[in-house]
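**Q** Just dropping this structure here.
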Amino acid sequence: MSDKPLSGVRVLDLTRVLAGPYCTMVLFDLGAEVIKVEAKTGDDARGFGPFLNGKSGYFLSLNRGKRSIALDLKDDEDRAIFERLLAHTDVLVENYRPGTMEKLGYGFDALHKRFPRLIYAAASGFGHTGPYREKAAYDMVVQGMGGIMSLTGHPGSPPTRVGTSVGDITAGLFTTIGINAALYQRAQTGLGTKIDVAMLDCQIAILENAIARYFATGQVPGPMGARHPSITPFEVFATGDGYMVIAAGNDGLFRRLAETLNEPGLAEDERFASNDARTRNVEALKAELESRLAAHTTAEWITALEAAGVPCSPINTVADALADPQVLHRNMVVSVEDPVAGTVRMAGNPIKISGMPDATTRPPAPDLDGDRAAILADLARLEAN
């Protein structure tokens, strides 16, 4: 780990389920030592399927390489251990409801006085301020409240959840960004700071084009299926044997697309001569394109369009994506050897940094309290120096 950028950074991870563990997983992949402080009952995610020989594959995929110690922060002996750990910690990450850590005596203000270099990162549903601060939230809740579900799916369809937990994952990623910025700031000032990330805020932050359209036009965006709201053609099209993505994002690419379809006149048609015109006539254009695309298979069209330099792709299943040679070449499928679950495959680290090793394997996720003795022994050594 010594040649990774966060080598030497120690993280106390009080998080559970997804947003916080995702953040600390990224920190581990970047070289940090992560000590997972769990309640005596363990992270809830230990009980989430799918299961491999009785172990949660879900938990394993989010907690690789971390170490676990179980502490009851209302118990005097465990509190003493926790405070000893804090004295040798760079970053504390928690995703409790706001106010919980304050009730335990471990809010930022109290900790900052005792451990001024400690960076305190909190990921919660609605943040530590505002009228909703004490409300409970899960990924589905903030997807609903943050507007993204109103944009997902096809016109007239019921509200549709994004297929992955983007409410949690974006909060985890923004928390990671905040921690890295705070580490840089501490290197300049010598002081830690508090990072307050709200899942709802993160959903607003990723609405991008929808916000721009709403403030520019006053019209409330809705679901549009698979197409882009302001770039055309930029969507899913039917072919002779299935579907494919075509993303001809400018006039030059559209001309190449028309030529590859043996219909160069489409680029001269006043309905399609500019991106704005194509967007206004999106349905007519789709009908024209699909009438040509029906003549060949998806694979044939991808070969032809790639040769012409037109961005395109198949619609991969998860199995297809995980077997893709580019994904495999980039080491985006790694494995863990767990003593109980066996070989577990999971997503790799997408952050590739020059000089930072990117092994094809990762250490396993910890058993509940499985590293207690080792953590306490390490702590004793730190205290002795």
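The chains in the structure tokens are called A, B, ... from first to last as shown; in each chain the residues are counted from 1, and the ligands are counted from 1 in the order shown.
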Identify, on the basis of only C-alpha atoms, every residue whose closest approach to range 291-298 of chain A does not exceed 8 Å; exclude the query and any residue fewer than 5 positions from it along the same chain; express the result as a CSV table (one decimal) with C-alpha atoms, in the first residue's frame.

**A**
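File written: selection.csv
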```
chain,number,residue,atom,x,y,z
A,238,ALA,CA,-34.0,-0.8,-33.3
A,239,THR,CA,-31.9,-2.8,-35.8
A,240,GLY,CA,-32.6,-5.9,-37.8
A,241,ASP,CA,-32.1,-8.2,-34.7
A,242,GLY,CA,-32.4,-6.0,-31.6
A,243,TYR,CA,-31.3,-2.6,-30.4
A,244,MET,CA,-28.2,-0.4,-30.4
A,261,LEU,CA,-26.6,4.3,-44.0
A,314,PRO,CA,-24.7,-2.6,-28.2
```

**Q** Excluding range 104-114 of chain A and its own-chain neighbours fewer than 3 positions away, which residues fall within 10 Å of it when counting only C-alpha atoms? Please give them as an MDAnalysis selection string.

**A** chainID A and resid 73:74 79 83 86:87 92 98:101 117:122 191:195

**Q** Can I get the selection written as a compact mmCIF listing (two decimals), in the first residue's frame, with C-alpha atoms?

**A**
```txt
# COMPACT_ATOMS: atom_id res chain seq x y z
CA LEU A 73 -20.18 3.58 21.97
CA LYS A 74 -22.42 3.73 25.04
CA ARG A 79 -15.65 4.28 24.44
CA GLU A 83 -11.06 7.45 21.90
CA LEU A 86 -9.30 8.58 17.49
CA ALA A 87 -5.98 9.87 18.79
CA LEU A 92 -13.63 9.70 10.80
CA PRO A 98 -27.66 14.06 12.36
CA GLY A 99 -27.41 14.53 16.11
CA THR A 100 -26.55 10.91 16.91
CA MET A 101 -22.84 11.51 17.30
CA ARG A 117 -6.18 17.39 13.02
CA LEU A 118 -9.09 14.95 12.69
CA ILE A 119 -11.17 15.23 9.52
CA TYR A 120 -14.83 14.48 10.27
CA ALA A 121 -16.94 13.34 7.30
CA ALA A 122 -20.69 12.80 7.62
CA LEU A 191 -6.27 21.47 11.01
CA GLY A 192 -9.05 19.02 10.25
CA THR A 193 -12.50 20.13 9.20
CA LYS A 194 -16.07 18.83 8.95
CA ILE A 195 -17.55 17.50 5.70
```

**Q** If you count only C-alpha atoms, which residues fall within 7 Å of Ser313 in chain A, apart from same-chain ones fewer than 4 positions away, as number ranges by chain?

**A** A: 244-246, 302

**Q** For those residues, write C-alpha atoms to a file as a PDB file, in the first residue's frame.

**A**
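Dumped to part_6.pdb:
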```
ATOM      1  CA  MET A 244     -28.186  -0.398 -30.356  1.00  0.00           C
ATOM      2  CA  VAL A 245     -27.047   3.019 -29.194  1.00  0.00           C
ATOM      3  CA  ILE A 246     -26.110   5.689 -31.714  1.00  0.00           C
ATOM      4  CA  ILE A 302     -21.551  -1.452 -35.092  1.00  0.00           C
TER       5      ILE A 302
END
```

**Q** Residues at most 9 Å from range 146-155 of chain A, counting only C-alpha atoms, excluding those fewer than 3 positions away in the same chain, as a ChimeraX atom specification?

**A** /A:141-143,158-162,167,199-204,206-207,210,221-226

**Q** Can you list, as a VMD selection string, every protein, DNA or RNA residue that comes within 12 Å of Glu337 in chain A when you count only C-alpha atoms, leaving out same-chain residues fewer than 2 positions away?

**A** chain A and resid 60 to 61 64 to 65 334 to 335 339 to 346 360 to 366

**Q** Please extract the residues of range 229-264 of chain A with a backbone DSSP assignment of alpha helix (DSSP H) and present them as a CSV table (one decimal) with C-alpha atoms, in the first residue's frame.

**A**
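Result file selection.csv:
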```csv
chain,number,residue,atom,x,y,z
A,251,ASP,CA,-23.3,17.8,-37.5
A,252,GLY,CA,-20.1,16.1,-38.8
A,253,LEU,CA,-21.0,12.8,-37.0
A,254,PHE,CA,-24.5,13.0,-38.4
A,255,ARG,CA,-23.2,13.3,-41.9
A,256,ARG,CA,-21.0,10.3,-41.4
A,257,LEU,CA,-24.0,8.4,-40.0
A,258,ALA,CA,-26.1,9.3,-43.0
A,259,GLU,CA,-23.4,8.3,-45.4
A,260,THR,CA,-22.9,4.9,-43.6
```

**Q** Could you tell me, as number ranges by chain, which residues of range 178-381 of chain A DSSP assigns to strand (DSSP E or B) when given the backbone?

**A** A: 194-198, 234-238, 243-247, 312-314, 333-338, 342-347, 361-362

**Q** What's the 10 Å shell around range 371-381 of chain A, counting only C-alpha atoms, without same-chain residues fewer than 3 positions away, as a PyMOL selection string?

**A** chain A and resi 35-37+66-71+81+84-85+87-88+366-368+384-385

**Q** Rank A:Ala359, A:Ala323, A:Val34, A:Val166 by their smallest atom-to-atom distance to Val93 in chain A, using only C-alpha atoms, and report the top residue only.

**A**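 Of the candidates, the smallest distance to Val93 in chain A is held by A:Val34.
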
**Q** Within 9 Å of Thr15 in chain A, counting only C-alpha atoms, which residues qualify if same-chain residues fewer than 2 places away don't, as a list in words?

**A** Asp13, Val17, Leu18, Ala19, Gly20, Pro21, Thr24, Lys36, Val37, Glu38, Asp43, Val93, Glu94, Asn95, Tyr96 and Ala123 of chain A

**Q** Return the single residue from A:Asp338, A:Phe215, A:Arg278, A:Ala299 that is closest to Asn53 in chain A, with distances computed using only C-alpha atoms.

**A** A:Asp338

**Q** Would you work out the distance separating CA of Pro116 in chain A from CA of Lys4 in chain A, expressed in Å to one decimal?

**A**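 One can read the CA of Pro116 in chain A to CA of Lys4 in chain A distance as 25.2 Å.
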
**Q** How many Å lie between CA of Phe59 in chain A and CA of Ala136 in chain A, rounded to one decimal?

**A**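 Taking CA of Phe59 in chain A and CA of Ala136 in chain A, their separation equals 21.6 Å.
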